[in-house]
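Enquirer: Data file input_30.json (JSON, C-alpha atoms) is appended below.
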[["chain", "number", "residue", "atom", "x", "y", "z"],
["A", 8, "MET", "CA", 115.34, -124.39, -193.28],
["A", 9, "LYS", "CA", 117.69, -122.24, -191.22],
["A", 10, "GLN", "CA", 121.20, -123.65, -190.85],
["A", 11, "LYS", "CA", 122.52, -124.28, -187.37],
["A", 12, "SER", "CA", 125.76, -122.40, -186.71],
["A", 13, "PRO", "CA", 128.06, -122.09, -183.67],
["A", 14, "SER", "CA", 127.10, -118.42, -183.34],
["A", 15, "ASN", "CA", 123.38, -119.26, -183.39],
["A", 16, "PRO", "CA", 122.74, -122.41, -181.33],
["A", 17, "ARG", "CA", 119.27, -123.85, -181.82],
["A", 18, "THR", "CA", 118.78, -125.74, -178.58],
["A", 19, "LYS", "CA", 119.32, -125.15, -174.91],
["A", 20, "ALA", "CA", 121.70, -128.15, -174.92],
["A", 21, "ASP", "CA", 123.81, -126.43, -177.59],
["A", 22, "LYS", "CA", 123.90, -123.22, -175.57],
["A", 23, "THR", "CA", 124.84, -125.14, -172.42],
["A", 24, "LYS", "CA", 127.63, -126.98, -174.23],
["A", 25, "ILE", "CA", 129.02, -123.76, -175.68],
["A", 26, "GLN", "CA", 128.86, -122.07, -172.28],
["A", 27, "LYS", "CA", 130.77, -124.97, -170.70],
["A", 28, "HIS", "CA", 133.50, -124.56, -173.32],
["A", 29, "ILE", "CA", 133.66, -120.81, -172.72],
["A", 30, "ASP", "CA", 133.90, -121.36, -168.96],
["A", 31, "ALA", "CA", 136.65, -123.95, -169.43],
["A", 32, "LEU", "CA", 138.63, -121.57, -171.65],
["A", 33, "ARG", "CA", 138.28, -118.80, -169.05],
["A", 34, "ARG", "CA", 139.54, -121.15, -166.31],
["A", 35, "PHE", "CA", 142.47, -122.16, -168.50],
["A", 36, "ASN", "CA", 143.33, -118.55, -169.32],
["A", 37, "LYS", "CA", 143.25, -117.65, -165.62],
["A", 38, "TRP", "CA", 145.46, -120.63, -164.77],
["A", 39, "GLU", "CA", 147.88, -119.84, -167.57],
["A", 40, "ALA", "CA", 148.17, -116.19, -166.54],
["A", 41, "ASN", "CA", 149.00, -117.14, -162.94],
["A", 42, "ARG", "CA", 151.50, -119.92, -163.62],
["A", 43, "ALA", "CA", 154.71, -119.52, -161.70],
["A", 44, "ASP", "CA", 156.58, -121.96, -163.94],
["A", 45, "LYS", "CA", 156.52, -119.95, -167.15],
["A", 46, "MET", "CA", 159.50, -120.56, -169.40],
["A", 47, "PRO", "CA", 160.46, -119.28, -172.82],
["A", 48, "ASP", "CA", 158.89, -121.11, -175.77],
["A", 49, "ASN", "CA", 162.24, -122.31, -177.10],
["A", 50, "GLN", "CA", 163.09, -123.83, -173.72],
["A", 51, "SER", "CA", 159.71, -125.56, -173.56],
["A", 52, "LEU", "CA", 160.22, -127.01, -177.01],
["A", 53, "ALA", "CA", 163.70, -128.21, -176.05],
["A", 54, "VAL", "CA", 162.23, -130.03, -173.04],
["A", 55, "VAL", "CA", 159.64, -131.74, -175.25],
["A", 56, "PHE", "CA", 162.37, -132.97, -177.58],
["A", 57, "GLU", "CA", 164.41, -134.23, -174.61],
["A", 58, "LEU", "CA", 161.39, -136.17, -173.35],
["A", 59, "TYR", "CA", 160.82, -137.60, -176.83],
["A", 60, "GLU", "CA", 164.42, -138.86, -176.84],
["A", 61, "LEU", "CA", 163.60, -140.87, -173.68],
["A", 62, "VAL", "CA", 160.93, -142.83, -175.57],
["A", 63, "PRO", "CA", 162.46, -146.10, -176.81],
["A", 64, "GLU", "CA", 163.20, -146.19, -180.55],
["A", 65, "ALA", "CA", 160.85, -149.15, -181.08],
["A", 66, "ALA", "CA", 157.98, -147.20, -179.51],
["A", 67, "ARG", "CA", 158.68, -144.18, -181.74],
["A", 68, "GLN", "CA", 158.49, -146.38, -184.84],
["A", 69, "ARG", "CA", 155.03, -147.79, -184.03],
["A", 70, "PRO", "CA", 152.02, -146.17, -185.70],
["A", 71, "VAL", "CA", 150.08, -143.81, -183.45],
["A", 72, "ASP", "CA", 146.99, -145.43, -181.94],
["A", 73, "THR", "CA", 144.63, -142.91, -180.38],
["A", 74, "GLN", "CA", 142.10, -145.47, -179.07],
["A", 75, "GLY", "CA", 143.69, -145.47, -175.61],
["A", 76, "ILE", "CA", 143.53, -141.69, -175.47],
["A", 77, "ILE", "CA", 139.89, -141.73, -176.54],
["A", 78, "LYS", "CA", 139.09, -144.38, -173.91],
["A", 79, "MET", "CA", 140.86, -142.38, -171.17],
["A", 80, "HIS", "CA", 139.11, -139.17, -172.25],
["A", 81, "LYS", "CA", 135.73, -140.88, -171.93],
["A", 82, "ALA", "CA", 136.67, -142.33, -168.53],
["A", 83, "LEU", "CA", 137.78, -138.92, -167.22],
["A", 84, "ALA", "CA", 134.79, -137.05, -168.65],
["A", 85, "CYS", "CA", 132.95, -137.60, -165.37],
["A", 86, "LEU", "CA", 135.38, -135.19, -163.68],
["A", 87, "LYS", "CA", 134.11, -132.16, -165.61]]
Produce structure tokens that represent the structure in this file.
Expert:
Amino acid sequence: MKQKSPSNPRTKADKTKIQKHIDALRRFNKWEANRADKMPDNQSLAVVFELYELVPEAARQRPVDTQGIIKMHKALACLK
């Protein structure tokens, strides 16, 4: 039996899904190339750390729970 691979999708649904991902990456690349707010990587990283410092200490100590993110991702999937 022939193995299914990303470079050789077996179904039309697989091809459609891959094409959607390719289209999304192209849109992202176009957006990224045209951003007016580009900043150096080190400055971006510094901003992330500053934002992290704003998170209360108790919240930073809690274990990461991704269920809320998964739930939001599913809820927003209709916008694609």
Enquirer: For range 38-47 of chain A, I'd like the enclosing box, axis-aligned and padded by 8 Å on every side, reported as AutoDock Vina command-line options with centre and edge lengths in Å to one decimal.
Expert:
--center_x 153.0 --center_y -119.1 --center_z -167.3 --size_x 31.0 --size_y 21.8 --size_z 27.1
Enquirer: As an exercise, work out the distance from CA of Ala31 in chain A to CA of Lys19 in chain A in Å and give it to one decimal place.
Expert: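 If I compute the distance from CA of Ala31 in chain A to CA of Lys19 in chain A, I get 18.2 Å.
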Enquirer: To one decimal in Å, tell me the separation between CA of Asp30 in chain A and CA of Lys78 in chain A.
Expert: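 Distance between the two atoms: 24.1 Å.
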